[in-house]
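Asks: My structure file input31.cif, mmCIF, C-alpha atoms, is below:
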data_final
loop_
_atom_site.label_atom_id
_atom_site.label_comp_id
_atom_site.auth_asym_id
_atom_site.auth_seq_id
_atom_site.Cartn_x
_atom_site.Cartn_y
_atom_site.Cartn_z
CA MET A 430 -76.43 37.00 10.95
CA ALA A 431 -77.90 33.50 10.52
CA ILE A 432 -74.46 31.93 10.73
CA ALA A 433 -73.59 33.96 13.86
CA SER A 434 -76.88 32.96 15.50
CA THR A 435 -76.26 29.29 14.72
CA LEU A 436 -72.71 29.40 16.17
CA ALA A 437 -73.96 31.18 19.29
CA SER A 438 -76.61 28.53 19.98
CA THR A 439 -74.23 25.60 19.51
CA GLN A 440 -73.26 23.74 22.70
CA ASN A 441 -69.59 23.95 23.63
CA PRO A 442 -68.03 20.48 23.44
CA PHE A 443 -65.46 21.42 26.12
CA LEU A 444 -67.15 21.24 29.53
CA CYS A 445 -65.96 23.52 32.30
CA LEU A 446 -63.95 21.90 35.10
CA ARG A 447 -65.87 22.14 38.36
CA GLN A 448 -63.39 20.41 40.74
CA PRO A 449 -60.38 22.41 41.90
CA PRO A 450 -57.02 21.13 40.67
CA SER A 451 -54.77 19.19 42.99
CA PRO A 452 -52.00 21.36 44.45
CA GLY A 453 -49.35 18.69 43.68
CA ASN A 454 -49.91 18.79 39.94
CA ARG A 455 -47.26 20.41 37.78
CA SER A 456 -48.24 19.72 34.17
CA VAL A 457 -50.35 22.51 32.70
CA VAL A 458 -52.74 22.15 29.75
CA PHE A 459 -55.18 24.60 28.19
CA ARG A 460 -58.82 24.31 27.13
CA ARG A 461 -61.51 26.56 25.71
CA CYS A 462 -64.98 27.29 27.04
CA GLN A 463 -67.83 29.74 26.43
CA ASP A 464 -68.97 32.52 28.66
CA PRO A 465 -72.62 32.40 29.86
CA CYS A 466 -73.67 34.58 26.99
CA GLY A 467 -72.33 32.03 24.48
CA ARG A 468 -70.79 34.74 22.26
CA ARG A 469 -67.02 34.34 22.72
CA TRP A 470 -64.35 31.81 23.56
CA ILE A 471 -62.23 32.26 26.69
CA SER A 472 -58.93 30.43 27.20
CA ARG A 473 -58.50 29.08 30.69
CA SER A 474 -55.76 26.88 32.10
CA ILE A 475 -56.28 23.69 34.05
CA ARG A 476 -53.81 21.27 35.59
CA ALA A 477 -53.48 17.60 34.74
CA CYS A 478 -54.80 15.05 37.23
CA GLN A 479 -51.38 13.33 37.48
CA PRO A 480 -47.87 14.83 37.34
CA SER A 481 -45.65 13.80 34.45
CA ASP A 482 -43.04 11.14 35.29
CA LYS A 483 -40.76 12.43 32.51
CA LEU A 484 -40.29 15.86 34.01
CA GLY A 485 -38.29 16.81 37.04
CA GLY A 486 -39.13 19.50 39.55
CA ASP A 487 -37.47 22.12 37.38
CA GLY A 488 -39.12 20.95 34.18
CA GLY A 489 -36.08 18.90 33.03
CA ILE A 490 -35.95 15.20 32.13
CA SER A 491 -36.17 12.96 35.19
CA ALA A 492 -33.42 10.57 36.26
CA SER A 493 -35.54 7.51 35.44
CA ALA A 494 -36.14 8.74 31.89
CA GLN A 495 -32.43 9.42 31.46
CA ARG A 496 -31.57 5.91 32.66
CA LEU A 497 -34.11 4.42 30.29
CA TYR A 498 -32.69 6.37 27.34
CA PHE A 499 -29.13 5.41 28.25
CA GLY A 500 -30.14 1.74 28.53
CA LYS A 501 -31.75 1.78 25.08
CA GLU A 502 -28.68 3.42 23.55
CA LEU A 503 -26.40 0.85 25.21
CA LEU A 504 -28.49 -2.06 23.94
CA SER A 505 -28.52 -0.55 20.45
CA PHE A 506 -24.73 -0.19 20.50
CA ALA A 507 -24.29 -3.77 21.70
CA SER A 508 -26.61 -5.07 18.96
CA ASP A 509 -24.83 -3.13 16.21
CA ASN A 510 -21.37 -4.23 17.40
CA PHE A 511 -22.18 -7.74 18.61
CA LEU A 512 -19.36 -9.55 16.79
CA PRO A 513 -16.46 -7.34 18.00
CA LEU A 514 -17.87 -7.33 21.52
CA ALA A 515 -18.26 -11.12 21.47
CA LEU A 516 -14.67 -11.66 20.30
CA VAL A 517 -13.24 -9.23 22.85
CA SER A 518 -15.36 -10.83 25.59
CA GLY A 519 -14.09 -14.27 24.62
CA VAL A 520 -10.47 -13.15 24.89
CA GLY A 521 -11.12 -11.36 28.19
CA LEU A 522 -12.93 -14.35 29.69
CA GLY A 523 -10.09 -16.64 28.67
CA PHE A 524 -7.58 -14.44 30.48
CA ALA A 525 -9.81 -13.94 33.55
CA ASN A 526 -10.87 -17.55 34.15
CA PRO A 527 -9.20 -20.21 31.98
CA THR A 528 -10.79 -23.17 33.83
CA LEU A 529 -14.03 -23.21 31.83
CA GLY A 530 -12.17 -22.71 28.55
CA CYS A 531 -9.87 -25.65 29.25
CA LEU A 532 -12.90 -27.79 30.09
CA ALA A 533 -14.56 -26.77 26.81
CA ASP A 534 -11.35 -27.66 24.96
CA LYS A 535 -11.40 -31.10 26.57
CA TYR A 536 -14.78 -31.79 24.99
CA SER A 537 -13.77 -30.42 21.53
CA PHE A 538 -16.02 -27.35 21.62
CA THR A 539 -13.77 -25.64 19.06
CA LYS A 540 -14.60 -28.18 16.36
CA ILE A 541 -18.28 -28.10 17.30
CA SER A 542 -18.41 -24.30 17.11
CA THR A 543 -16.57 -24.27 13.76
CA CYS A 544 -19.06 -26.74 12.29
CA GLY A 545 -21.89 -24.64 13.71
CA ILE A 546 -20.55 -21.52 11.98
CA PHE A 547 -20.64 -23.16 8.56
CA ILE A 548 -23.99 -24.85 9.12
CA ILE A 549 -25.43 -21.40 9.85
CA SER A 550 -23.64 -20.06 6.74
CA GLY A 551 -25.41 -22.73 4.68
CA LEU A 552 -28.76 -21.94 6.30
CA THR A 553 -28.47 -18.25 5.43
CA LEU A 554 -27.15 -18.77 1.88
CA ARG A 555 -29.68 -17.56 -0.71
CA THR A 556 -29.36 -19.21 -4.11
CA GLU A 557 -31.36 -16.52 -5.92
CA ALA A 558 -29.00 -13.81 -4.68
CA ILE A 559 -26.03 -15.49 -6.35
CA GLY A 560 -27.70 -15.37 -9.76
CA ALA A 561 -28.10 -11.59 -9.47
CA ALA A 562 -24.31 -11.19 -9.46
CA VAL A 563 -23.74 -12.45 -12.99
CA LYS A 564 -23.62 -8.94 -14.49
CA GLY A 565 -20.59 -8.05 -12.38
CA TRP A 566 -18.57 -11.11 -13.38
CA PRO A 567 -15.41 -9.28 -14.65
CA LEU A 568 -14.72 -7.62 -11.30
CA GLY A 569 -16.05 -10.68 -9.49
CA LEU A 570 -13.51 -12.83 -11.30
CA PHE A 571 -10.76 -10.41 -10.31
CA GLY A 572 -11.97 -10.63 -6.70
CA LEU A 573 -11.57 -14.42 -6.76
CA ILE A 574 -8.12 -14.16 -8.31
CA SER A 575 -7.05 -11.57 -5.76
CA ILE A 576 -8.37 -13.55 -2.78
CA LEU A 577 -7.13 -16.98 -3.82
CA LEU A 578 -3.99 -16.30 -5.88
CA LEU A 579 -2.59 -12.78 -5.34
CA THR A 580 -3.06 -11.69 -1.72
CA PRO A 581 -1.68 -14.93 -0.20
CA SER A 582 1.73 -13.87 -1.52
CA PHE A 583 1.71 -11.06 1.09
CA SER A 584 2.37 -13.77 3.68
CA ARG A 585 5.91 -14.11 2.30
CA LEU A 586 6.60 -10.50 3.37
CA ILE A 587 5.02 -11.10 6.78
CA MET A 588 7.25 -14.10 7.41
CA LEU A 589 10.31 -11.86 7.00
CA VAL A 590 9.40 -9.94 10.18
CA GLN A 591 11.46 -10.97 13.20
CA LEU A 592 9.31 -11.24 16.32
CA GLN A 593 9.51 -13.54 19.32
CA PRO A 594 7.53 -15.66 20.00
CA ARG A 595 7.55 -16.67 16.38
CA GLU A 596 3.94 -17.89 16.46
CA LEU A 597 2.66 -14.32 16.35
CA VAL A 598 4.15 -13.81 12.88
CA THR A 599 3.32 -17.33 11.71
CA GLY A 600 -0.34 -16.88 12.66
CA LEU A 601 -0.60 -13.68 10.61
CA GLY A 602 1.11 -15.45 7.69
CA ILE A 603 -1.49 -18.23 7.81
CA PHE A 604 -4.24 -15.62 8.15
CA CYS A 605 -3.06 -13.98 4.92
CA CYS A 606 -3.56 -17.27 3.01
CA MET A 607 -7.25 -17.46 3.94
CA PRO A 608 -10.29 -16.62 1.78
CA THR A 609 -12.56 -13.67 2.51
CA THR A 610 -14.78 -13.18 5.55
CA LEU A 611 -18.04 -15.11 5.74
CA SER A 612 -20.42 -12.33 6.77
CA SER A 613 -18.85 -8.96 7.64
CA GLY A 614 -17.73 -8.21 4.07
CA VAL A 615 -21.23 -8.77 2.66
CA ALA A 616 -22.80 -6.74 5.48
CA LEU A 617 -20.45 -3.80 4.92
CA THR A 618 -21.03 -3.99 1.16
CA HIS A 619 -24.78 -3.76 1.70
CA LEU A 620 -24.32 -0.83 4.07
CA ALA A 621 -22.09 1.00 1.57
CA GLY A 622 -24.66 0.58 -1.22
CA GLY A 623 -22.49 -1.85 -3.19
CA ASN A 624 -23.53 -4.96 -5.11
CA ALA A 625 -24.31 -7.26 -2.17
CA ALA A 626 -25.23 -10.13 -4.50
CA LEU A 627 -21.81 -9.99 -6.13
CA ALA A 628 -20.16 -9.82 -2.70
CA LEU A 629 -22.10 -12.90 -1.61
CA ALA A 630 -21.17 -14.82 -4.76
CA VAL A 631 -17.46 -14.04 -4.36
CA THR A 632 -17.64 -14.96 -0.68
CA VAL A 633 -19.19 -18.36 -1.32
CA ALA A 634 -16.96 -19.19 -4.28
CA SER A 635 -13.73 -18.13 -2.52
CA ASN A 636 -14.50 -20.13 0.62
CA LEU A 637 -15.32 -23.24 -1.40
CA LEU A 638 -12.29 -22.94 -3.68
CA GLY A 639 -10.14 -21.96 -0.72
CA ILE A 640 -10.28 -25.57 0.45
CA LEU A 641 -8.14 -26.34 -2.61
CA THR A 642 -5.76 -23.37 -2.39
CA ILE A 643 -5.13 -23.06 1.36
CA PRO A 644 -3.02 -26.24 1.72
CA PHE A 645 -0.90 -25.21 -1.26
CA TRP A 646 -0.16 -21.66 -0.06
CA VAL A 647 0.42 -22.63 3.58
CA SER A 648 2.81 -25.34 2.46
CA ARG A 649 4.60 -22.98 0.08
CA TYR A 650 4.86 -19.78 2.14
CA ILE A 651 4.54 -20.86 5.80
CA ALA A 652 5.83 -24.41 6.23
CA GLY A 653 9.11 -23.65 4.45
CA GLY A 654 9.77 -20.62 6.65
CA VAL A 655 9.01 -22.54 9.84
CA GLY A 656 10.93 -25.62 8.76
CA VAL A 657 8.25 -28.30 9.21
CA SER A 658 6.69 -30.82 6.88
CA PHE A 659 3.14 -29.87 5.98
CA PRO A 660 0.38 -32.55 5.76
CA THR A 661 -1.35 -31.15 2.66
CA ASP A 662 -3.57 -34.18 1.97
CA GLN A 663 -4.63 -34.47 5.60
CA LEU A 664 -5.50 -30.77 5.81
CA PHE A 665 -7.48 -30.95 2.57
CA ARG A 666 -9.58 -33.83 3.89
CA SER A 667 -10.05 -32.10 7.25
CA LEU A 668 -11.24 -28.87 5.61
CA ILE A 669 -13.78 -30.79 3.58
CA VAL A 670 -15.15 -32.43 6.73
CA THR A 671 -15.01 -29.28 8.88
CA LEU A 672 -16.06 -26.61 6.37
CA LEU A 673 -17.60 -27.97 3.18
CA ILE A 674 -19.83 -30.72 4.60
CA PRO A 675 -21.41 -28.49 7.31
CA LEU A 676 -21.99 -25.78 4.68
CA ILE A 677 -23.71 -28.32 2.40
CA ILE A 678 -25.78 -29.66 5.32
CA GLY A 679 -27.01 -26.16 6.14
CA LYS A 680 -27.84 -25.48 2.49
CA VAL A 681 -29.70 -28.79 2.10
CA ILE A 682 -31.78 -28.06 5.20
CA ARG A 683 -32.62 -24.62 3.81
CA GLU A 684 -33.71 -25.98 0.42
CA SER A 685 -35.61 -28.93 1.92
CA PHE A 686 -37.74 -26.98 4.39
CA LYS A 687 -39.05 -23.75 2.87
CA GLY A 688 -40.84 -22.78 6.06
CA PHE A 689 -37.60 -23.00 7.99
CA ALA A 690 -35.86 -21.02 5.24
CA ASN A 691 -38.42 -18.23 5.68
CA PHE A 692 -37.84 -18.35 9.43
CA VAL A 693 -34.10 -17.96 8.89
CA ASP A 694 -34.61 -15.04 6.48
CA ASN A 695 -36.92 -13.28 8.93
CA ASN A 696 -34.45 -13.77 11.78
CA ARG A 697 -31.11 -13.16 10.08
CA LYS A 698 -29.93 -10.92 12.93
CA LEU A 699 -30.56 -13.71 15.42
CA PHE A 700 -28.58 -16.23 13.36
CA SER A 701 -25.84 -13.66 12.87
CA LYS A 702 -25.54 -13.32 16.64
CA ILE A 703 -25.49 -17.10 17.09
CA ASN A 704 -22.73 -17.20 14.48
CA ALA A 705 -20.80 -14.54 16.42
CA ILE A 706 -21.18 -16.51 19.66
CA CYS A 707 -19.85 -19.66 17.97
CA LEU A 708 -16.91 -17.66 16.62
CA SER A 709 -16.18 -16.09 20.02
CA LEU A 710 -15.84 -19.58 21.54
CA VAL A 711 -12.65 -20.05 19.51
CA PRO A 712 -10.50 -17.27 21.03
CA TRP A 713 -12.01 -18.02 24.45
CA ILE A 714 -10.86 -21.65 24.33
CA GLN A 715 -7.51 -20.92 22.70
CA VAL A 716 -6.64 -18.10 25.11
CA SER A 717 -7.74 -20.22 28.09
CA ARG A 718 -5.54 -23.08 26.96
CA SER A 719 -2.49 -20.88 26.35
CA ARG A 720 -3.05 -18.26 29.08
CA SER A 721 0.25 -18.77 30.90
CA LEU A 722 2.20 -18.58 27.67
CA LEU A 723 0.28 -15.53 26.43
CA LEU A 724 0.96 -13.65 29.66
CA SER A 725 4.66 -14.16 29.09
CA VAL A 726 4.51 -12.18 25.83
CA GLN A 727 5.75 -8.62 26.22
CA PRO A 728 3.04 -6.00 25.52
CA LYS A 729 5.22 -4.15 23.01
CA VAL A 730 5.73 -7.39 21.05
CA PHE A 731 1.99 -8.05 20.92
CA LEU A 732 1.31 -4.44 19.90
CA ALA A 733 3.87 -4.88 17.12
CA ALA A 734 1.95 -7.95 15.91
CA VAL A 735 -1.30 -5.93 16.01
CA GLY A 736 0.40 -3.19 13.99
CA ILE A 737 1.50 -5.75 11.39
CA GLY A 738 -2.10 -6.93 11.07
CA ILE A 739 -3.31 -3.35 10.53
CA LEU A 740 -0.58 -2.71 7.98
CA LEU A 741 -1.53 -5.93 6.19
CA HIS A 742 -5.14 -4.86 5.78
CA LEU A 743 -4.21 -1.37 4.62
CA SER A 744 -1.83 -2.90 2.07
CA LEU A 745 -4.56 -5.21 0.77
CA LEU A 746 -6.95 -2.26 0.47
CA ALA A 747 -4.38 -0.21 -1.46
CA PHE A 748 -3.43 -3.10 -3.77
CA ASN A 749 -7.04 -4.00 -4.59
CA ALA A 750 -8.11 -0.35 -4.96
CA VAL A 751 -5.41 0.32 -7.56
CA SER A 752 -6.17 -2.91 -9.44
CA ILE A 753 -9.93 -2.31 -9.42
CA ARG A 754 -9.46 1.28 -10.61
CA ILE A 755 -7.48 0.03 -13.60
CA LEU A 756 -10.09 -2.62 -14.44
CA SER A 757 -12.96 -0.16 -13.96
CA GLY A 758 -11.28 2.26 -16.34
CA LEU A 759 -11.15 -0.45 -18.98
CA THR A 760 -14.79 -1.52 -18.51
CA GLY A 761 -16.33 1.97 -18.06
CA GLY A 762 -17.38 4.01 -15.05
CA SER A 763 -21.13 3.40 -14.90
CA LYS A 764 -23.15 3.36 -11.69
CA SER A 765 -23.27 -0.44 -11.68
CA SER A 766 -19.49 -0.51 -12.10
CA LYS A 767 -19.14 1.65 -8.99
CA GLU A 768 -21.37 -0.70 -7.00
CA ASN A 769 -19.36 -3.70 -8.21
CA SER A 770 -16.08 -1.96 -7.38
CA THR A 771 -17.26 -1.24 -3.83
CA ALA A 772 -18.25 -4.88 -3.31
CA VAL A 773 -15.03 -6.36 -4.69
CA LEU A 774 -12.78 -3.90 -2.83
CA LEU A 775 -14.30 -4.77 0.55
CA ILE A 776 -14.55 -8.51 -0.07
CA SER A 777 -11.09 -9.05 -1.57
CA SER A 778 -9.33 -7.06 1.19
CA GLN A 779 -10.65 -9.07 4.15
CA LYS A 780 -9.52 -12.44 5.52
CA THR A 781 -11.66 -14.88 7.45
CA LEU A 782 -10.94 -15.95 11.02
CA PRO A 783 -13.07 -19.16 11.32
CA VAL A 784 -11.31 -20.89 8.43
CA MET A 785 -7.92 -19.88 9.85
CA VAL A 786 -8.89 -21.39 13.20
CA ALA A 787 -10.03 -24.59 11.49
CA VAL A 788 -6.69 -24.84 9.68
CA VAL A 789 -4.69 -24.27 12.87
CA GLU A 790 -6.76 -26.86 14.72
CA GLN A 791 -6.09 -29.48 12.04
CA LEU A 792 -2.34 -28.82 12.14
CA GLY A 793 -2.19 -30.07 15.71
CA GLY A 794 0.53 -27.69 16.92
CA ALA A 795 2.86 -28.23 13.96
CA PHE A 796 3.48 -24.46 13.74
CA GLY A 797 3.64 -23.81 17.48
CA GLU A 798 1.26 -22.96 20.30
CA THR A 799 -2.27 -22.60 18.97
CA GLY A 800 -3.23 -19.72 21.25
CA LEU A 801 -0.28 -17.62 20.10
CA LEU A 802 -1.15 -18.35 16.46
CA VAL A 803 -4.80 -17.33 16.86
CA LEU A 804 -4.53 -14.27 19.13
CA PRO A 805 -2.94 -11.80 16.64
CA CYS A 806 -5.44 -12.96 14.02
CA VAL A 807 -8.35 -12.15 16.34
CA ALA A 808 -6.93 -8.62 16.63
CA ALA A 809 -6.42 -8.45 12.85
CA HIS A 810 -10.00 -9.60 12.26
CA LEU A 811 -11.39 -6.92 14.58
CA ASN A 812 -9.17 -4.22 13.10
CA GLN A 813 -10.18 -4.96 9.50
CA ILE A 814 -13.86 -4.71 10.43
CA MET A 815 -13.32 -1.39 12.23
CA ILE A 816 -11.16 0.07 9.44
CA ASP A 817 -13.67 -0.90 6.76
CA SER A 818 -16.55 0.44 8.88
CA VAL A 819 -14.82 3.82 9.03
CA LEU A 820 -14.20 3.65 5.28
CA VAL A 821 -17.86 2.88 4.57
CA ASN A 822 -18.97 5.78 6.77
CA LEU A 823 -16.67 8.13 4.86
CA TRP A 824 -18.17 6.93 1.57
CA LEU A 825 -21.69 7.46 2.88
CA ARG A 826 -20.88 10.98 4.08
CA ARG A 827 -19.29 11.84 0.76
CA GLY A 828 -22.36 10.55 -1.05
CA LYS A 829 -24.65 12.67 1.16
CA ASP A 830 -22.51 15.76 0.58
CA THR A 831 -22.57 15.17 -3.17
CA SER A 832 -26.36 14.73 -3.24
CA THR A 833 -26.77 17.89 -1.14
CA LYS A 834 -24.64 19.91 -3.56
CA VAL A 835 -26.63 18.58 -6.53
CA LYS A 836 -29.93 19.58 -4.88
CA THR A 837 -28.55 23.02 -4.02
CA ALA A 838 -27.36 23.56 -7.57
#
Taking this structure as input, can you express it in the form of structure tokens?
Replies:
Amino acid sequence: MAIASTLASTQNPFLCLRQPPSPGNRSVVFRRCQDPCGRRWISRSIRACQPSDKLGGDGGISASAQRLYFGKELLSFASDNFLPLALVSGVGLGFANPTLGCLADKYSFTKISTCGIFIISGLTLRTEAIGAAVKGWPLGLFGLISILLLTPSFSRLIMLVQLQPRELVTGLGIFCCMPTTLSSGVALTHLAGGNAALALAVTVASNLLGILTIPFWVSRYIAGGVGVSFPTDQLFRSLIVTLLIPLIIGKVIRESFKGFANFVDNNRKLFSKINAICLSLVPWIQVSRSRSLLLSVQPKVFLAAVGIGILLHLSLLAFNAVSIRILSGLTGGSKSSKENSTAVLLISSQKTLPVMVAVVEQLGGAFGETGLLVLPCVAAHLNQIMIDSVLVNLWLRRGKDTSTKVKTA
């Protein structure tokens, strides 16, 4: 009885609404109040002072809210797929209006953008991450051998394909002699749950050592098939100036200014997008410069070149997957071995576009029209990213299904 008396005498914190609700209000809320006797709670409804801007007249989502949601989804898609969209936009802009691209070519924007790519690569290169890859050295060593010594031999098969204009095949042959991608392979490895440190170490080592191997393989597999003399010494010196020195400059800046290094690490997405913009300048300029010649190529011929690029990447995936499976069987199937296998498979099956463009630029048209050499490689670069993205998603789904089954069991 004492408790009931105390509750009855307590003031109700919810005051009764004395003003009538506006007739235009639609949103309904509920409150509680006491009757005059103070012995029971009565639920009464009141209307909000302002109508909701997220609800339509029938209670559905308004058009403005739908537009806002669609805009956010579109921006999210563009951010997640910035590199492919930038490359496709560069090609499209070159076809639509070649004047600006030709002007950029006049002022050597291609060389500037290539140097910018490798300066950014040096700025984002973490030394401590490379040391974490030491435990995966057996598969890492195979990755280097595959990238630098084994997969370039696939270019000999590509050069046997008969397509006109011949530059489409020659460009893919040069592309096959390149080291691994500078960023997409590491990003996909991280997404797949692989050893990202090992992927980074193989990426850096292959791109540095590739300066030594690229002139040899291009001279051996490409120059002989085209029938031109290949300036190996000149290309080697040009790659050092265009690739190695900018990479070293970026790394020195990172190590010299720790505050700037922290800024780079905290804004890696921003620098990745700047890198993508620099890379997209290359197909834009090359397509602009060779627009009239590119338009003369029959669509079925270009689609055949795109198909060869897809077949090349699938062949590299199959070759490396079989080789890694054999090596993993010899070294044991531990969890760390699976992470290392994922990293090496993705890294050793991709080829880099910026280095290929730098090589073609230094050749000065020795193998034909530069735009025709680069265009199928742009398509091959996009296709390998999309194929590997699908592969990574399949791995992630399989891992989720496996974990679900384990929990259910």
Asks: Counting all atoms listed in the file, which residues of region 501-590 of chain A fall within 7 Å of region 767-781 of chain A, and what is the closest atom pair for each with its distance in Å at one decimal, ordered by chain and rising number, as a Markdown table?
Replies:
| residue | atom | partner | partner_atom | distance |
| --- | --- | --- | --- | --- |
| A:Gly565 | CA | A:Asn769 | CA | 6.2 |
| A:Leu568 | CA | A:Val773 | CA | 6.7 |
| A:Gly569 | CA | A:Val773 | CA | 6.5 |
| A:Gly572 | CA | A:Ser777 | CA | 5.4 |
| A:Ser575 | CA | A:Ser777 | CA | 6.3 |
| A:Ile576 | CA | A:Ser777 | CA | 5.4 |
Asks: Enumerate, as a VMD selection string, the residues matched when the PyMOL selection byres ((chain A and resi 580) around 9) is run on the file above.
Replies: chain A and resid 574 to 579 581 to 584 605 to 606 745 748 777 to 778
Asks: May I have the residues at most 12 Å from (-5.7, 2.5, 5.8) in the file's coordinates, counting all atoms listed in the file, as JSON, numbers by chain?
Replies: {"A": [736, 738, 739, 740, 741, 742, 743, 744, 745, 746, 747, 748, 750, 778, 812, 813, 814, 815, 816, 817, 818, 819, 820]}
Asks: Enter the distance from CA of Ile714 (chain A) to CA of Gly551 (chain A), in Å, rounded to one decimal.
Replies: 24.5 Å
Asks: Take the point (-18.6, -23.1, 13.3) as written in the file and pick out every residue within 9 Å of it, counting only C-alpha atoms; give the list as a short mmCIF file (atom, residue, chain, number, x, y, z; two decimals) with C-alpha atoms, in the frame of the given file.
Replies:
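out.cif written:
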data_model
loop_
_atom_site.label_atom_id
_atom_site.label_comp_id
_atom_site.auth_asym_id
_atom_site.auth_seq_id
_atom_site.Cartn_x
_atom_site.Cartn_y
_atom_site.Cartn_z
CA THR A 539 -13.77 -25.64 19.06
CA LYS A 540 -14.60 -28.18 16.36
CA ILE A 541 -18.28 -28.10 17.30
CA SER A 542 -18.41 -24.30 17.11
CA THR A 543 -16.57 -24.27 13.76
CA CYS A 544 -19.06 -26.74 12.29
CA GLY A 545 -21.89 -24.64 13.71
CA ILE A 546 -20.55 -21.52 11.98
CA PHE A 547 -20.64 -23.16 8.56
CA ILE A 548 -23.99 -24.85 9.12
CA ILE A 549 -25.43 -21.40 9.85
CA SER A 550 -23.64 -20.06 6.74
CA THR A 671 -15.01 -29.28 8.88
CA LEU A 672 -16.06 -26.61 6.37
CA PRO A 675 -21.41 -28.49 7.31
CA ASN A 704 -22.73 -17.20 14.48
CA CYS A 707 -19.85 -19.66 17.97
CA LEU A 708 -16.91 -17.66 16.62
CA PRO A 783 -13.07 -19.16 11.32
CA ALA A 787 -10.03 -24.59 11.49
#
Asks: Kindly resolve the PyMOL selection byres ((chain A and resi 724) around 12) on the present coordinates and return the residues as a PyMOL selection string.
Replies: chain A and resi 523-525+594+716-723+725-728+730-731+800-801+804
Asks: So what does the PyMOL selection byres ((chain A and resi 701) around 12) actually pick up in this one, as a ChimeraX atom specification?
Replies: /A:508-512,515,545-550,552-553,611-613,616,693-700,702-708
Asks: So, counting only C-alpha atoms, which residue among A:Tyr650, A:Trp566, A:Phe538, A:Phe665 is closest to Pro712 (chain A)?
Replies: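 Under the stated criterion, the closest residue is A:Phe538.
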